[in-house]
file start.pdb (PDB, C-alpha atoms and all ligand atoms)
ATOM      1  CA  MET J   1       0.000   0.000   0.000
ATOM      2  CA  ARG J   2       1.212   3.521  -0.766
ATOM      3  CA  PHE J   3      -0.315   5.983   1.644
ATOM      4  CA  THR J   4       1.293   9.253   2.682
ATOM      5  CA  ILE J   5       0.468  11.241   5.787
ATOM      6  CA  ALA J   6       1.848  14.800   5.688
ATOM      7  CA  ILE J   7       2.193  16.547   9.035
ATOM      8  CA  ASP J   8       3.249  20.187   9.087
ATOM      9  CA  GLY J   9       3.341  22.899  11.692
ATOM     10  CA  PRO J  10       5.544  25.324  13.635
ATOM     11  CA  ALA J  11       8.359  24.395  16.019
ATOM     12  CA  ALA J  12       7.395  22.423  19.150
ATOM     13  CA  ALA J  13       3.706  22.045  18.259
ATOM     14  CA  GLY J  14       3.850  18.304  18.964
ATOM     15  CA  LYS J  15       4.378  17.111  15.373
ATOM     16  CA  GLY J  16       7.177  14.704  16.241
ATOM     17  CA  THR J  17       5.397  12.983  19.118
ATOM     18  CA  LEU J  18       2.189  12.744  17.123
ATOM     19  CA  SER J  19       3.895  11.543  13.933
ATOM     20  CA  LYS J  20       5.778   8.796  15.748
ATOM     21  CA  ALA J  21       2.610   7.627  17.515
ATOM     22  CA  ILE J  22       0.663   7.571  14.223
ATOM     23  CA  ALA J  23       3.444   5.708  12.399
ATOM     24  CA  ASP J  24       3.650   3.179  15.262
ATOM     25  CA  ARG J  25      -0.089   2.670  15.328
ATOM     26  CA  LEU J  26      -0.368   2.120  11.561
ATOM     27  CA  GLY J  27       2.952   0.341  11.050
ATOM     28  CA  PHE J  28       4.110   3.117   8.675
ATOM     29  CA  ALA J  29       7.660   4.397   8.205
ATOM     30  CA  TYR J  30       8.392   7.820   9.723
ATOM     31  CA  LEU J  31      10.639  10.613   8.470
ATOM     32  CA  ASP J  32      11.353  13.712  10.571
ATOM     33  CA  THR J  33      12.303  16.059   7.704
ATOM     34  CA  GLY J  34      13.470  18.719  10.177
ATOM     35  CA  LEU J  35      16.464  16.458  10.812
ATOM     36  CA  LEU J  36      17.610  16.967   7.205
ATOM     37  CA  TYR J  37      17.689  20.738   7.690
ATOM     38  CA  ARG J  38      19.238  20.352  11.144
ATOM     39  CA  ALA J  39      22.002  18.161   9.698
ATOM     40  CA  VAL J  40      22.747  20.803   7.053
ATOM     41  CA  GLY J  41      22.574  23.556   9.696
ATOM     42  CA  ALA J  42      24.998  21.637  11.941
ATOM     43  CA  LYS J  43      27.496  21.364   9.066
ATOM     44  CA  THR J  44      27.374  25.123   8.477
ATOM     45  CA  LEU J  45      28.271  25.620  12.156
ATOM     46  CA  GLN J  46      31.395  23.554  11.361
ATOM     47  CA  GLY J  47      32.224  25.820   8.423
ATOM     48  CA  VAL J  48      30.807  23.789   5.514
ATOM     49  CA  ALA J  49      28.832  25.736   2.884
ATOM     50  CA  ALA J  50      25.079  25.041   3.194
ATOM     51  CA  ILE J  51      24.423  24.050  -0.407
ATOM     52  CA  GLU J  52      27.402  21.706  -0.503
ATOM     53  CA  ALA J  53      26.317  20.134   2.797
ATOM     54  CA  ALA J  54      22.781  19.540   1.465
ATOM     55  CA  GLN J  55      24.071  17.919  -1.710
ATOM     56  CA  VAL J  56      26.251  15.338   0.059
ATOM     57  CA  LEU J  57      24.034  14.547   3.040
ATOM     58  CA  VAL J  58      24.158  10.857   4.074
ATOM     59  CA  ALA J  59      22.132   8.816   6.586
ATOM     60  CA  ASP J  60      24.910   8.966   9.207
ATOM     61  CA  ASP J  61      24.610  12.769   9.242
ATOM     62  CA  LEU J  62      21.076  12.435  10.653
ATOM     63  CA  ASP J  63      22.244  10.728  13.819
ATOM     64  CA  GLY J  64      23.038  12.413  17.082
ATOM     65  CA  ASP J  65      21.494  14.293  19.982
ATOM     66  CA  ALA J  66      23.574  17.329  19.037
ATOM     67  CA  LEU J  67      21.112  17.968  16.204
ATOM     68  CA  ARG J  68      18.456  18.728  18.844
ATOM     69  CA  SER J  69      20.247  21.746  20.310
ATOM     70  CA  PRO J  70      18.760  25.254  20.040
ATOM     71  CA  ASP J  71      21.854  26.468  18.126
ATOM     72  CA  VAL J  72      21.384  23.824  15.486
ATOM     73  CA  ALA J  73      17.640  24.603  15.289
ATOM     74  CA  GLN J  74      18.399  28.243  14.468
ATOM     75  CA  ALA J  75      21.084  27.242  11.949
ATOM     76  CA  ALA J  76      18.565  24.838  10.353
ATOM     77  CA  SER J  77      15.973  27.555   9.859
ATOM     78  CA  LYS J  78      18.644  29.804   8.300
ATOM     79  CA  VAL J  79      19.738  27.225   5.713
ATOM     80  CA  ALA J  80      16.072  26.332   5.096
ATOM     81  CA  VAL J  81      15.449  29.694   3.395
ATOM     82  CA  LEU J  82      17.907  28.782   0.603
ATOM     83  CA  PRO J  83      16.102  27.374  -2.483
ATOM     84  CA  GLU J  84      19.192  25.327  -3.482
ATOM     85  CA  VAL J  85      19.258  23.626  -0.092
ATOM     86  CA  ARG J  86      15.556  22.785  -0.295
ATOM     87  CA  ALA J  87      15.918  21.524  -3.882
ATOM     88  CA  ALA J  88      18.758  19.182  -2.885
ATOM     89  CA  LEU J  89      16.523  17.514  -0.272
ATOM     90  CA  VAL J  90      13.339  17.057  -2.332
ATOM     91  CA  ASP J  91      14.017  13.720  -4.076
ATOM     92  CA  PHE J  92      14.937  11.893  -0.889
ATOM     93  CA  GLN J  93      11.753  13.075   0.852
ATOM     94  CA  ARG J  94       9.477  12.207  -2.097
ATOM     95  CA  ALA J  95      10.998   8.739  -2.484
ATOM     96  CA  PHE J  96      10.491   8.147   1.236
ATOM     97  CA  ALA J  97       6.866   9.292   1.014
ATOM     98  CA  ARG J  98       5.974   6.786  -1.700
ATOM     99  CA  ARG J  99       7.651   3.732  -0.219
ATOM    100  CA  ALA J 100       5.504   0.643   0.051
ATOM    101  CA  GLY J 101       3.811   0.143   3.385
ATOM    102  CA  GLY J 102       2.868   3.764   4.022
ATOM    103  CA  ALA J 103       4.805   6.746   5.337
ATOM    104  CA  VAL J 104       4.407   9.624   7.761
ATOM    105  CA  LEU J 105       6.545  12.721   7.087
ATOM    106  CA  ASP J 106       6.632  15.757   9.327
ATOM    107  CA  GLY J 107       8.029  19.195   8.554
ATOM    108  CA  ARG J 108       6.958  22.600   7.296
ATOM    109  CA  ASP J 109       6.193  22.074   3.589
ATOM    110  CA  ILE J 110       5.198  18.420   3.294
ATOM    111  CA  GLY J 111       1.532  19.032   2.450
ATOM    112  CA  THR J 112       2.231  22.098   0.292
ATOM    113  CA  VAL J 113       5.408  21.251  -1.658
ATOM    114  CA  ILE J 114       6.897  17.811  -1.016
ATOM    115  CA  CYS J 115       3.697  15.726  -1.104
ATOM    116  CA  PRO J 116       0.851  17.876  -2.447
ATOM    117  CA  ASN J 117      -1.059  14.647  -3.203
ATOM    118  CA  ALA J 118      -0.681  13.114   0.255
ATOM    119  CA  GLU J 119      -3.747  11.092   1.229
ATOM    120  CA  VAL J 120      -3.945  12.886   4.591
ATOM    121  CA  LYS J 121      -2.600  16.311   5.583
ATOM    122  CA  LEU J 122      -2.534  17.559   9.134
ATOM    123  CA  PHE J 123      -1.434  21.006  10.257
ATOM    124  CA  VAL J 124      -0.465  20.726  13.911
ATOM    125  CA  THR J 125      -0.199  23.986  15.774
ATOM    126  CA  ALA J 126      -0.380  25.581  19.255
ATOM    127  CA  SER J 127       0.167  29.053  20.690
ATOM    128  CA  ALA J 128       3.787  30.269  20.803
ATOM    129  CA  ASP J 129       3.596  30.361  24.596
ATOM    130  CA  VAL J 130       2.456  26.735  24.902
ATOM    131  CA  ARG J 131       5.062  25.576  22.386
ATOM    132  CA  ALA J 132       7.875  27.433  24.140
ATOM    133  CA  ARG J 133       6.810  25.975  27.487
ATOM    134  CA  ARG J 134       6.913  22.440  26.084
ATOM    135  CA  ARG J 135      10.294  22.979  24.462
ATOM    136  CA  PHE J 136      11.613  24.558  27.686
ATOM    137  CA  LEU J 137      10.570  21.499  29.742
ATOM    138  CA  GLU J 138      12.090  19.172  27.126
ATOM    139  CA  LEU J 139      15.437  21.016  27.188
ATOM    140  CA  SER J 140      15.420  21.222  31.019
ATOM    141  CA  ASP J 141      14.800  17.452  31.178
ATOM    142  CA  LYS J 142      17.888  16.919  29.055
ATOM    143  CA  GLY J 143      19.883  19.086  31.465
ATOM    144  CA  LEU J 144      20.373  21.854  28.898
ATOM    145  CA  VAL J 145      20.444  25.111  30.852
ATOM    146  CA  THR J 146      18.253  27.782  29.345
ATOM    147  CA  SER J 147      15.537  30.244  30.355
ATOM    148  CA  PHE J 148      11.899  30.217  29.263
ATOM    149  CA  GLU J 149      12.347  33.702  27.761
ATOM    150  CA  ASP J 150      15.250  32.487  25.611
ATOM    151  CA  VAL J 151      13.233  29.513  24.379
ATOM    152  CA  LEU J 152      10.231  31.724  23.571
ATOM    153  CA  ALA J 153      12.465  34.140  21.654
ATOM    154  CA  ASP J 154      13.970  31.196  19.730
ATOM    155  CA  VAL J 155      10.535  29.796  18.862
ATOM    156  CA  ARG J 156       9.338  33.223  17.672
ATOM    157  CA  ALA J 157      12.476  33.838  15.589
ATOM    158  CA  ARG J 158      12.071  30.453  13.911
ATOM    159  CA  ASP J 159       8.324  30.950  13.310
ATOM    160  CA  ASP J 160       9.070  34.286  11.718
ATOM    161  CA  ARG J 161      11.773  32.889   9.431
ATOM    162  CA  ASP J 162       9.763  29.776   8.522
ATOM    163  CA  MET J 163       6.499  31.625   7.777
ATOM    164  CA  ASN J 164       7.937  34.578   5.903
ATOM    165  CA  ARG J 165      10.489  32.989   3.590
ATOM    166  CA  ALA J 166       9.842  33.141  -0.159
ATOM    167  CA  GLU J 167      10.469  29.440  -0.811
ATOM    168  CA  ALA J 168       8.071  26.864   0.697
ATOM    169  CA  PRO J 169       6.900  29.026   3.625
ATOM    170  CA  LEU J 170       5.211  27.361   6.573
ATOM    171  CA  LYS J 171       1.451  27.428   5.996
ATOM    172  CA  PRO J 172      -1.393  24.923   6.030
ATOM    173  CA  ALA J 173      -2.219  23.259   2.705
ATOM    174  CA  LYS J 174      -5.722  24.192   1.538
ATOM    175  CA  ASP J 175      -6.943  20.662   2.248
ATOM    176  CA  ALA J 176      -5.150  20.224   5.587
ATOM    177  CA  VAL J 177      -6.988  19.359   8.800
ATOM    178  CA  ILE J 178      -5.954  21.944  11.413
ATOM    179  CA  LEU J 179      -5.129  20.409  14.767
ATOM    180  CA  ASP J 180      -4.549  22.931  17.563
ATOM    181  CA  THR J 181      -2.857  21.110  20.449
ATOM    182  CA  SER J 182      -2.782  24.108  22.861
ATOM    183  CA  THR J 183      -5.384  22.520  25.122
ATOM    184  CA  LEU J 184      -4.999  18.859  24.117
ATOM    185  CA  ASP J 185      -2.827  16.219  25.740
ATOM    186  CA  ILE J 186      -1.022  13.641  23.592
ATOM    187  CA  PRO J 187      -3.780  10.976  23.666
ATOM    188  CA  GLY J 188      -6.371  13.667  22.857
ATOM    189  CA  ALA J 189      -4.399  14.979  19.878
ATOM    190  CA  LEU J 190      -3.721  11.421  18.689
ATOM    191  CA  ARG J 191      -7.435  10.621  18.754
ATOM    192  CA  VAL J 192      -8.286  13.634  16.563
ATOM    193  CA  ALA J 193      -5.452  12.777  14.148
ATOM    194  CA  LEU J 194      -6.415   9.092  13.854
ATOM    195  CA  ASP J 195     -10.060  10.049  13.224
ATOM    196  CA  ALA J 196      -8.982  12.281  10.331
ATOM    197  CA  ILE J 197      -6.768   9.506   8.937
ATOM    198  CA  GLU J 198      -9.397   6.780   9.240
ATOM    199  CA  GLN J 199     -11.790   8.861   7.168
ATOM    200  CA  GLN J 200      -9.355   8.644   4.243
ATOM    201  CA  MET J 201      -8.355   4.977   4.562
TER     202      MET J 201
HETATM  203  O1  LIG J 301      11.113  20.392  12.682
HETATM  204  P1  LIG J 301      12.387  21.014  13.211
HETATM  205  O2  LIG J 301      12.151  21.996  14.297
HETATM  206  O3  LIG J 301      13.404  19.990  13.567
HETATM  207  O4  LIG J 301      12.989  21.812  11.959
HETATM  208  C1  LIG J 301      14.130  22.635  12.048
HETATM  209  C2  LIG J 301      14.037  23.730  10.989
HETATM  210  O5  LIG J 301      14.145  23.133   9.689
HETATM  211  C3  LIG J 301      12.712  24.482  10.948
HETATM  212  O6  LIG J 301      12.684  25.605  11.810
HETATM  213  C4  LIG J 301      12.595  24.903   9.493
HETATM  214  O7  LIG J 301      13.266  26.110   9.247
HETATM  215  C5  LIG J 301      13.332  23.805   8.743
HETATM  216  N1  LIG J 301      12.429  22.860   8.079
HETATM  217  C6  LIG J 301      11.900  23.220   6.853
HETATM  218  N2  LIG J 301      11.129  22.349   6.154
HETATM  219  C7  LIG J 301      10.842  21.138   6.649
HETATM  220  C8  LIG J 301      11.343  20.754   7.925
HETATM  221  C9  LIG J 301      12.122  21.662   8.628
HETATM  222  O8  LIG J 301      12.133  24.326   6.379
HETATM  223  N3  LIG J 301      10.098  20.292   5.941
END
call {"tool": "encode", "arguments": {"input": "start.pdb", "output": "structure tokens"}}
result
Amino acid sequence: MRFTIAIDGPAAAGKGTLSKAIADRLGFAYLDTGLLYRAVGAKTLQGVAAIEAAQVLVADDLDGDALRSPDVAQAASKVAVLPEVRAALVDFQRAFARRAGGAVLDGRDIGTVICPNAEVKLFVTASADVRARRRFLELSDKGLVTSFEDVLADVRARDDRDMNRAEAPLKPAKDAVILDTSTLDIPGALRVALDAIEQQM
């Protein structure tokens, strides 16, 4: 079966948790496309040119907790504005989306650019305050010292860059189901998502 579920939304809206749970439940493969941009961003912090890094990205580059750091997140959103970087990553994402057995991809432009024909599109969002609070707790749990204000500023800077870039800006596809997780817990959000998916299966 080829069945693609596209999940987009701003930073820390719960896309990753939700996507993994959906993929687990349905036995689908899961691709966190943010990791591709994070891997390119991490290379630029080491002095590699962004476009070159995107063109030679390999699976091993996607490994590592270091990719989850706030510095890498900001670097990722900076390289993500470059059309050449985005173009270099398209084929891999599209091939992943059409693999047999079904696939869940999460990112910013999956429903709009990468998989405009996805069988299901979800746009997962939450207020900036709620998202920053979640990210703050996540980073604190990992022992990464930071303040809530810094995390909120980071989330806002990334939202601004992701929504206002010329190429593949973050926005819901016209046919996306909007899922606001501000007042939902994980099981609640998962229930809404699975309902939307079941209607298309
Ligand atoms: O999803 P995550 O927060 O890991 O993504 C890091 C950055 O990568 C985002 O802020 C965004 O700029 C970029 N990105 C993108 N398109 C995607 C996935 C991520 O532009 N499909």
call {"tool": "closest_atom_pairs", "arguments": {"input": "start.pdb", "of": "chain J", "to": "ligand LIG 301 (chain J)", "cutoff": "8 Å", "atoms": "only C-alpha atoms and all ligand atoms", "output": "JSON lines"}}
result
{"residue": "J:Asp8", "atom": "CA", "partner": "J:LIG301", "partner_atom": "N3", "distance": 7.5}
{"residue": "J:Pro10", "atom": "CA", "partner": "J:LIG301", "partner_atom": "O6", "distance": 7.4}
{"residue": "J:Ala11", "atom": "CA", "partner": "J:LIG301", "partner_atom": "O2", "distance": 4.8}
{"residue": "J:Ala12", "atom": "CA", "partner": "J:LIG301", "partner_atom": "O2", "distance": 6.8}
{"residue": "J:Lys15", "atom": "CA", "partner": "J:LIG301", "partner_atom": "O1", "distance": 8.0}
{"residue": "J:Gly16", "atom": "CA", "partner": "J:LIG301", "partner_atom": "O1", "distance": 7.8}
{"residue": "J:Asp32", "atom": "CA", "partner": "J:LIG301", "partner_atom": "O1", "distance": 7.0}
{"residue": "J:Thr33", "atom": "CA", "partner": "J:LIG301", "partner_atom": "C8", "distance": 4.8}
{"residue": "J:Gly34", "atom": "CA", "partner": "J:LIG301", "partner_atom": "C9", "distance": 3.6}
{"residue": "J:Leu35", "atom": "CA", "partner": "J:LIG301", "partner_atom": "O3", "distance": 5.4}
{"residue": "J:Leu36", "atom": "CA", "partner": "J:LIG301", "partner_atom": "C8", "distance": 7.4}
{"residue": "J:Tyr37", "atom": "CA", "partner": "J:LIG301", "partner_atom": "O5", "distance": 4.7}
{"residue": "J:Arg38", "atom": "CA", "partner": "J:LIG301", "partner_atom": "C1", "distance": 5.7}
{"residue": "J:Arg68", "atom": "CA", "partner": "J:LIG301", "partner_atom": "O3", "distance": 7.4}
{"residue": "J:Ala73", "atom": "CA", "partner": "J:LIG301", "partner_atom": "C1", "distance": 5.2}
{"residue": "J:Gln74", "atom": "CA", "partner": "J:LIG301", "partner_atom": "O6", "distance": 6.8}
{"residue": "J:Ala75", "atom": "CA", "partner": "J:LIG301", "partner_atom": "C2", "distance": 7.9}
{"residue": "J:Ala76", "atom": "CA", "partner": "J:LIG301", "partner_atom": "C2", "distance": 4.7}
{"residue": "J:Ser77", "atom": "CA", "partner": "J:LIG301", "partner_atom": "O7", "distance": 3.1}
{"residue": "J:Lys78", "atom": "CA", "partner": "J:LIG301", "partner_atom": "O7", "distance": 6.6}
{"residue": "J:Val79", "atom": "CA", "partner": "J:LIG301", "partner_atom": "O7", "distance": 7.5}
{"residue": "J:Ala80", "atom": "CA", "partner": "J:LIG301", "partner_atom": "O8", "distance": 4.6}
{"residue": "J:Val81", "atom": "CA", "partner": "J:LIG301", "partner_atom": "O8", "distance": 7.0}
{"residue": "J:Arg86", "atom": "CA", "partner": "J:LIG301", "partner_atom": "O8", "distance": 7.7}
{"residue": "J:Asp106", "atom": "CA", "partner": "J:LIG301", "partner_atom": "N3", "distance": 6.6}
{"residue": "J:Gly107", "atom": "CA", "partner": "J:LIG301", "partner_atom": "N3", "distance": 3.5}
{"residue": "J:Arg108", "atom": "CA", "partner": "J:LIG301", "partner_atom": "N3", "distance": 4.1}
{"residue": "J:Asp109", "atom": "CA", "partner": "J:LIG301", "partner_atom": "N3", "distance": 4.9}
{"residue": "J:Ile110", "atom": "CA", "partner": "J:LIG301", "partner_atom": "N3", "distance": 5.9}
{"residue": "J:Arg158", "atom": "CA", "partner": "J:LIG301", "partner_atom": "O6", "distance": 5.3}
{"residue": "J:Asp159", "atom": "CA", "partner": "J:LIG301", "partner_atom": "O6", "distance": 7.1}
{"residue": "J:Arg161", "atom": "CA", "partner": "J:LIG301", "partner_atom": "O7", "distance": 6.9}
{"residue": "J:Asp162", "atom": "CA", "partner": "J:LIG301", "partner_atom": "O7", "distance": 5.1}
{"residue": "J:Ala168", "atom": "CA", "partner": "J:LIG301", "partner_atom": "O8", "distance": 7.4}
{"residue": "J:Pro169", "atom": "CA", "partner": "J:LIG301", "partner_atom": "O8", "distance": 7.6}
{"residue": "J:Leu170", "atom": "CA", "partner": "J:LIG301", "partner_atom": "O8", "distance": 7.6}
call {"tool": "closest_residue", "arguments": {"input": "start.pdb", "among": "J:Val85, J:Leu194, J:Leu122, J:Leu144", "to": "Asp65 of chain J", "atoms": "all atoms listed in the file"}}
result
J:Leu144
call {"tool": "axis_aligned_box", "arguments": {"input": "start.pdb", "around": "segment 19-34 of chain J", "padding_each_side": "3 Å", "output": "lines of an AutoDock Vina configuration file"}}
result
center_x = 6.6
center_y = 9.5
center_z = 12.6
size_x = 19.8
size_y = 24.4
size_z = 15.8
call {"tool": "closest_residue", "arguments": {"input": "start.pdb", "among": "J:Val40, J:Ala166, J:Ala173, J:Leu139", "to": "Ile114 of chain J", "atoms": "only C-alpha atoms"}}
result
J:Ala173
call {"tool": "closest_residue", "arguments": {"input": "start.pdb", "among": "J:Leu62, J:Phe92, J:Gly27, J:Ala153", "to": "Ala42 of chain J", "atoms": "only C-alpha atoms"}}
result
J:Leu62
call {"tool": "atom_distance", "arguments": {"input": "start.pdb", "atom1": "atom CA of Phe148 of chain J", "atom2": "atom CA of Pro172 of chain J"}}
result
27.3 Å
call {"tool": "residues_around", "arguments": {"input": "start.pdb", "residues": "Asp24 of chain J", "least_positions_apart": "4", "cutoff": "12 Å", "atoms": "only C-alpha atoms", "output": "NGL selection string"}}
result
:J and (17-20 or 28-30 or 102-104 or 190 or 194)
call {"tool": "atom_distance", "arguments": {"input": "start.pdb", "atom1": "atom CA of Ala189 of chain J", "atom2": "atom CA of Arg25 of chain J"}}
result
13.8 Å
call {"tool": "closest_residue", "arguments": {"input": "start.pdb", "among": "J:Ala39, J:Arg135, J:Gly188, J:Asn117", "to": "Asp60 of chain J", "atoms": "all atoms listed in the file"}}
result
J:Ala39
call {"tool": "atom_distance", "arguments": {"input": "start.pdb", "atom1": "atom CA of Asp185 of chain J", "atom2": "atom CA of Ile197 of chain J"}}
result
18.5 Å
call {"tool": "build_atoms", "arguments": {"input": "start.pdb", "residues": "segment 112-121 of chain J", "atoms": "all heavy atoms", "output": "mmCIF file, in the coordinates of the input"}}
result
data_model
loop_
_atom_site.group_PDB
_atom_site.id
_atom_site.type_symbol
_atom_site.label_atom_id
_atom_site.label_comp_id
_atom_site.auth_asym_id
_atom_site.auth_seq_id
_atom_site.Cartn_x
_atom_site.Cartn_y
_atom_site.Cartn_z
ATOM 1 N N THR J 112 2.303 21.049 1.322
ATOM 2 C CA THR J 112 2.231 22.098 0.292
ATOM 3 C C THR J 112 3.175 21.854 -0.876
ATOM 4 O O THR J 112 2.837 22.144 -2.019
ATOM 5 C CB THR J 112 2.570 23.475 0.908
ATOM 6 O OG1 THR J 112 3.799 23.359 1.630
ATOM 7 C CG2 THR J 112 1.468 23.962 1.836
ATOM 8 N N VAL J 113 4.386 21.339 -0.611
ATOM 9 C CA VAL J 113 5.408 21.251 -1.658
ATOM 10 C C VAL J 113 5.899 19.824 -1.905
ATOM 11 O O VAL J 113 5.936 19.357 -3.036
ATOM 12 C CB VAL J 113 6.634 22.145 -1.299
ATOM 13 C CG1 VAL J 113 7.759 21.964 -2.302
ATOM 14 C CG2 VAL J 113 6.208 23.605 -1.211
ATOM 15 N N ILE J 114 6.270 19.132 -0.844
ATOM 16 C CA ILE J 114 6.897 17.811 -1.016
ATOM 17 C C ILE J 114 5.859 16.772 -1.462
ATOM 18 O O ILE J 114 6.099 16.035 -2.423
ATOM 19 C CB ILE J 114 7.583 17.352 0.306
ATOM 20 C CG1 ILE J 114 8.651 18.361 0.729
ATOM 21 C CG2 ILE J 114 8.183 15.951 0.153
ATOM 22 C CD1 ILE J 114 9.817 18.519 -0.225
ATOM 23 N N CYS J 115 4.723 16.734 -0.793
ATOM 24 C CA CYS J 115 3.697 15.726 -1.104
ATOM 25 C C CYS J 115 2.327 16.385 -1.252
ATOM 26 O O CYS J 115 1.430 16.146 -0.432
ATOM 27 C CB CYS J 115 3.616 14.695 0.018
ATOM 28 S SG CYS J 115 5.166 13.891 0.388
ATOM 29 N N PRO J 116 2.149 17.195 -2.300
ATOM 30 C CA PRO J 116 0.851 17.876 -2.447
ATOM 31 C C PRO J 116 -0.306 16.902 -2.648
ATOM 32 O O PRO J 116 -1.453 17.270 -2.436
ATOM 33 C CB PRO J 116 1.045 18.778 -3.671
ATOM 34 C CG PRO J 116 2.251 18.256 -4.375
ATOM 35 C CD PRO J 116 3.097 17.564 -3.356
ATOM 36 N N ASN J 117 0.001 15.645 -3.015
ATOM 37 C CA ASN J 117 -1.059 14.647 -3.203
ATOM 38 C C ASN J 117 -1.168 13.666 -2.038
ATOM 39 O O ASN J 117 -1.755 12.592 -2.195
ATOM 40 C CB ASN J 117 -0.830 13.865 -4.500
ATOM 41 C CG ASN J 117 -0.863 14.790 -5.702
ATOM 42 O OD1 ASN J 117 -1.689 15.708 -5.753
ATOM 43 N ND2 ASN J 117 0.049 14.592 -6.640
ATOM 44 N N ALA J 118 -0.599 14.012 -0.919
ATOM 45 C CA ALA J 118 -0.681 13.114 0.255
ATOM 46 C C ALA J 118 -2.138 12.778 0.551
ATOM 47 O O ALA J 118 -3.020 13.635 0.414
ATOM 48 C CB ALA J 118 -0.037 13.787 1.462
ATOM 49 N N GLU J 119 -2.376 11.533 0.948
ATOM 50 C CA GLU J 119 -3.747 11.092 1.229
ATOM 51 C C GLU J 119 -4.333 11.833 2.438
ATOM 52 O O GLU J 119 -5.530 12.093 2.488
ATOM 53 C CB GLU J 119 -3.774 9.577 1.475
ATOM 54 C CG GLU J 119 -3.755 8.731 0.207
ATOM 55 C CD GLU J 119 -2.399 8.675 -0.504
ATOM 56 O OE1 GLU J 119 -1.386 9.093 0.108
ATOM 57 O OE2 GLU J 119 -2.361 8.222 -1.666
ATOM 58 N N VAL J 120 -3.484 12.146 3.403
ATOM 59 C CA VAL J 120 -3.945 12.886 4.591
ATOM 60 C C VAL J 120 -2.944 13.998 4.890
ATOM 61 O O VAL J 120 -1.730 13.782 4.839
ATOM 62 C CB VAL J 120 -4.048 11.974 5.833
ATOM 63 C CG1 VAL J 120 -4.453 12.768 7.063
ATOM 64 C CG2 VAL J 120 -5.032 10.845 5.596
ATOM 65 N N LYS J 121 -3.464 15.190 5.172
ATOM 66 C CA LYS J 121 -2.600 16.311 5.583
ATOM 67 C C LYS J 121 -3.103 16.862 6.914
ATOM 68 O O LYS J 121 -4.290 17.172 7.037
ATOM 69 C CB LYS J 121 -2.655 17.427 4.538
ATOM 70 C CG LYS J 121 -2.145 17.011 3.183
ATOM 71 C CD LYS J 121 -2.269 18.148 2.194
ATOM 72 C CE LYS J 121 -1.930 17.657 0.792
ATOM 73 N NZ LYS J 121 -2.116 18.725 -0.208
#
